[in-house]
Amino acid sequence: MTLHGQFAYLPQKEGFLLNNMPRSTAPHIAWMLPLGTLFFLCGILLGRSDMAWLAAAIIGGLAVAGWCLSHGWRRSLAAGLAALSVGMLLCWHAFHPSLPAQGSYAVRATVAEEIHLRKDGQVQTVLSDVTLDGRAAPDAYWTFYLDEGEGVPAWLTPGAQLRVEARVYHPSGRENPGGFDFQEYLLQRGVSIGLYGDDALMQAEARFSLRGSIAALRHMLTLRLMDVMGEDAGAYAAAMLLGSRDFIREDDRAAFQQLGIAHLLSVSGYHVGVLVMLLCLLLRPLPLRRAAHIAAQALVLLAYCCLTGGRAPVIRAALLLLFREWTRYRHRQLLPLHMLCVTALIQLIFNPAQLFGASFQLTYGAMLGLLLVAPWLRRQRLCRHRITRYLWEAFCAALSVQVGILFPQLYWFGELPLLSVLLNIPVVALAGGLMACYWLTLVALPIPGLRTALGAASGVATRLLLGGVRGLAALGPATLWTRQADACTFLGWALLLFGCSILVPARWKRHRGRFVLGGLLLTALLLIPLSETNVTYTQFSVGDGAAAVLQDRDVTVVLDTGEDGQAVAGALHRQRQRVEVLIVTHLHTDHGGGIRALLDEGIPVDICYLPVDAATPAIDVALLSLLAELRQTGTEFRTLSRGDVIPLPSGSLTALWPEAGRVTALHDANDACLVLYADIAGVTMLLPADLPGVYEHYVAVPADVLLAAHHGSKDSTTPDFLSAVNPQVLLLSNASASREQSMADVAGERPLYTTKQHGAITLRFLGDGAFEVRPLR
């Protein structure tokens with residue numbers, strides 16, 4: 001069957017046919033844009049490396065030559081290569097921008113987003129209209145720490161204009177395997193530099209700033225909604241209308257994520273669709289031409305894009321809706337797939353980094369599901385009654401979205417919400433009604449009596465919805481924990497999507513079940529943890545903390561977790577691994593605070609080792625509650641002192657410190673921290689944690705690899721200690737440039753690998769005493 005014939009059976013009203021062109025050329029033209037878009041996407045995926053521009057130039061030259069010298073399908077291939085070259089060049093330019101030199105500057109800027117205050121006192125926001133020493137600069141991500149007992153200045157709100165002395169830095173990329181890519185995250189938001197510091201912070205003289213004015217308006221509306229609806233309900237209204245999620249509680253966000261309905265809290269196509277629906281209801285009684293309707297929609301959507309801060313999902317949805325309306329107005333019927341391709345190209349041309357974000361992938365995955373899977377499901381006509389037919393169509397829409405986002409969901413979150421399909425049907429309907437109430441409340445804010453009544457009603461409805469979400473989340477995990485999606489999962493997802501779609505040719509229809517079953521089986525492989533055969537040690541980059549994972553075949557040993565634990569917990573979650581042995585060298589949060597992340601991710605821990613007499617006066621008492629919570633999950637606790645041994649498949653871990661009688665009763669936790677001597681596959685490692693230099697002579701034994709004590713502190717890892725250990729390789733976990741330089745001076749000619757410079761550092765044990773060092777950067 002020809003490609004045109006595959007779509008011949010589709011009803012005209014669904015807009016799947018191309019008109020105004022010969023039937024013989026329609027199939028060829030129909031797939032030029034999707035295939036060109038596919039080549040363009042591949043170019044972006046390949047364009048991040050430093051030398052991508054050279055490869056793009058070569059491919060572009062071949063494409064031009066191929067176009068000029070060939071005909072037919074070869075010319076189409078040349079066009080695809082040209083799209084590939086353009087994608088590579090745009091991505092290379094996005095990830096290698098021209099940036100101001102790092103250093104201290106006098107900064108003038110406008111606060112463009114909400115001020116976010118972390119628990120540790122760090123203030124975060126985005127600045128626009130930035131000038132550095134009077135010269136224009138790109139948007140900046142600004143952070144600084146408040147002094148103890150100090151609060152954020154009252155005038156420092158979205159839209160405020162400021163002057164400050166701050167240090168410019170270039171955001172780094174991924175520091176840990178599969179971890180958070182800070183540079184990529186900022187580029188997706190249109191930010192390319194970072195600012196740190198608040199010296200001489202003061203309010204600047206007022207100048208007109210469009211982004212600042214919009215940010216101030218958004219902040220004012222958020223506060224007004226919270227005032228008339230109540231703090232909790234108003235925070236949800238602001239999140240679902242304006243994209244301001246900073247006021248939503250962390251536990252509520254986790255509950256929505258657990259139930260698979262977190263998309264309601266992020267302004268996206270669904271929220272734009274509700275706005276357009278309300279606008280159409282408002283415009284319907286008016287005697288306006290179709291063109292005037294489209295113009296009104298365009299103006300409202302443009303204003304909404306600006307009000308939400310130009311968020312990419314809002315722009316994507318607005319482009320899709322307007323493009324659909326325009327094609328209907330022009331009496332043109334295009335494949336909805338073309339609309340997806342056009343909107344994706346428009347956005348990626350301006351910001352290629354969006355392709356690497358979860359939001360972009362989830363949005364277009366959901367749209368693919370709705371366009372390809374939902375029509376086939378609806379044709380099954382399993383229900384004849386009017387009400388049940390509506391419910392069936394809602395179920396088909398929810399299921400098709402779940403099929404479309406299956407791969408990005410498994411890749412980014414490593415879990416599958418079990419109730420999302422069933423919950424999304426009633427919750428989306430309720431949320432649509434709530435958003436209508438929110439818009440009415442927002443419009444009525446200038447009217448005192450009306451805003452109070454609408455705000456009270458909306459607040460009650462919101463609290464009822466929140467009560468239901470919290471109650472369902474409290475019942476227990478409603479997600480299926482999987483490994484991170486891989487190439488095999490992508491193949492399974494593609495088979496499942498194709499098998500459930502309208503694209504299956506007539507001669508293959510009898511094989512639908514095989515496609516679907518094969519896709520489900522390939523995807524289900526993620527539930528099986530991979531059997532490890534390698535032996536590795538990874539020192540994660542966690543700032544001035546410590547976190548490492550020793551993977552000895554199928555035994556996972558975690559040696560400290562860092563302060564927030566995200567690096568370790570994320571790595572374990574992606575591989576669906578449990579922790580057989582957790583070792584907390586001492587009870588300071590920079591070594592054990594990450595236990596919180598292990599608990600939140602639901603990662604089982606079999607045994608936790610602590611140093612003997614770990615609960616000394618000089619500990620971080622917050623860790624005691626974390627240890628108690630860990631004990632409640634069934635973890636067994638043991639203590640270690642000098643001479644104790646932990647056997648492993650390829651060797652052992654031996655405790656060298658603390659030793660009974662060598663430490664005073666009122667010692668600091670660092671004085672009695674666990675010092676471990678690892679003998680793995682013939683390679684020896686000395687891991688002294690935060691041991692002060694005064695105790696180093698008790699643990700000075702020769703080793704092939706040495707982890708610098710106390711993050712390179714000047715009082716630890718003394719020259720005498722280093723000479724006694726005589727390591728081949730020296731590792732340093734720190735975030736301080738001065739300590740890095742000091743340790744480099746002490747190391748001399750020895751190879752020094754630091755997490756600040758190299759990111760995560762992995763040692764791969766090859767057997768018979770051989771090993772290799774693989775820094776991430």
# chains A, B, ... in the order shown; residues from 1 in each chain; ligands from 1
call {"tool": "residues_around", "arguments": {"residues": "stretch 370-381 of chain A", "least_positions_apart": "4", "cutoff": "8 Å", "atoms": "only C-alpha atoms", "output": "PDB file with C-alpha atoms, in the first residue's frame"}}
result
ATOM      1  CA  PRO A 336      -1.081  17.090  12.843  1.00  0.00           C
ATOM      2  CA  LEU A 337       2.393  15.599  12.773  1.00  0.00           C
ATOM      3  CA  ALA A 366       2.140  13.477  25.063  1.00  0.00           C
ATOM      4  CA  ARG A 389     -18.689   6.759  25.657  1.00  0.00           C
ATOM      5  CA  TRP A 392     -14.162   5.846  27.342  1.00  0.00           C
ATOM      6  CA  GLU A 393     -12.873   8.750  25.262  1.00  0.00           C
ATOM      7  CA  CYS A 396      -8.381   6.779  25.706  1.00  0.00           C
ATOM      8  CA  ALA A 397      -6.904  10.269  25.938  1.00  0.00           C
ATOM      9  CA  LEU A 399      -3.928   6.188  28.146  1.00  0.00           C
ATOM     10  CA  SER A 400      -2.585   7.599  24.878  1.00  0.00           C
ATOM     11  CA  VAL A 401      -0.759  10.354  26.752  1.00  0.00           C
ATOM     12  CA  VAL A 403       1.948   5.722  26.065  1.00  0.00           C
ATOM     13  CA  GLY A 404       3.428   8.837  24.479  1.00  0.00           C
ATOM     14  CA  LEU A 497       3.709   3.487  20.042  1.00  0.00           C
ATOM     15  CA  CYS A 500      -1.133   1.312  19.051  1.00  0.00           C
ATOM     16  CA  SER A 501      -1.068   4.042  16.395  1.00  0.00           C
ATOM     17  CA  ILE A 502      -3.068   4.834  13.300  1.00  0.00           C
ATOM     18  CA  LEU A 503       0.084   4.512  11.182  1.00  0.00           C
TER      19      LEU A 503
END
call {"tool": "residues_around", "arguments": {"residues": "A:Ala296", "least_positions_apart": "5", "cutoff": "9 Å", "atoms": "only C-alpha atoms", "output": "PyMOL selection string"}}
result
chain A and resi 279+283+291+301
call {"tool": "residues_around", "arguments": {"residues": "A:Gly60", "least_positions_apart": "4", "cutoff": "8 Å", "atoms": "only C-alpha atoms", "output": "compact mmCIF listing (two decimals) with N, CA and C atoms, in the first residue's frame"}}
result
# COMPACT_ATOMS: atom_id res chain seq x y z
N ALA A 56 29.99 19.64 11.33
CA ALA A 56 28.81 20.24 10.70
C ALA A 56 29.18 20.91 9.38
N VAL A 64 25.37 20.24 0.24
CA VAL A 64 25.24 21.17 -0.89
C VAL A 64 25.67 20.51 -2.19
N LEU A 81 20.69 15.82 5.18
CA LEU A 81 22.04 16.10 5.70
C LEU A 81 22.22 17.58 5.97
N ALA A 82 21.60 18.42 5.14
CA ALA A 82 21.67 19.86 5.40
C ALA A 82 20.99 20.21 6.71
N SER A 85 23.26 19.22 9.48
CA SER A 85 24.34 20.18 9.65
C SER A 85 23.87 21.43 10.38
N VAL A 86 22.70 21.93 10.01
CA VAL A 86 22.17 23.13 10.68
C VAL A 86 21.91 22.85 12.16
call {"tool": "atom_distance", "arguments": {"atom1": "atom CA of A:Leu340", "atom2": "atom CA of A:Arg245"}}
result
27.3 Å
call {"tool": "residues_around", "arguments": {"residues": "stretch 222-225 of chain A", "least_positions_apart": "6", "cutoff": "8 Å", "atoms": "only C-alpha atoms", "output": "short mmCIF file (atom, residue, chain, number, x, y, z; two decimals) with N, CA and C atoms, in the first residue's frame"}}
result
data_model
loop_
_atom_site.label_atom_id
_atom_site.label_comp_id
_atom_site.auth_asym_id
_atom_site.auth_seq_id
_atom_site.Cartn_x
_atom_site.Cartn_y
_atom_site.Cartn_z
N GLY A 234 -4.01 29.71 47.28
CA GLY A 234 -3.50 30.75 46.39
C GLY A 234 -2.21 30.36 45.73
N ALA A 235 -1.36 29.60 46.45
CA ALA A 235 -0.11 29.14 45.85
C ALA A 235 -0.38 28.21 44.67
N ALA A 237 -3.18 28.21 42.82
CA ALA A 237 -3.75 29.03 41.75
C ALA A 237 -2.65 29.75 40.99
N ALA A 238 -1.67 30.30 41.72
CA ALA A 238 -0.56 31.00 41.07
C ALA A 238 0.27 30.05 40.23
N LEU A 242 -0.05 31.17 36.57
CA LEU A 242 1.07 32.06 36.28
C LEU A 242 2.41 31.36 36.21
N SER A 244 4.07 30.29 38.84
CA SER A 244 4.84 30.60 40.05
C SER A 244 4.70 29.46 41.05
N THR A 441 -11.54 34.38 39.58
CA THR A 441 -11.03 35.07 40.76
C THR A 441 -9.97 36.09 40.37
N LEU A 442 -9.10 35.71 39.43
CA LEU A 442 -8.04 36.63 39.00
C LEU A 442 -8.63 37.87 38.35
N LEU A 445 -10.22 40.35 40.90
CA LEU A 445 -9.40 40.92 41.97
C LEU A 445 -9.66 42.40 42.24
N GLY A 455 -12.89 33.92 45.72
CA GLY A 455 -11.68 33.41 46.36
C GLY A 455 -11.99 32.37 47.41
#
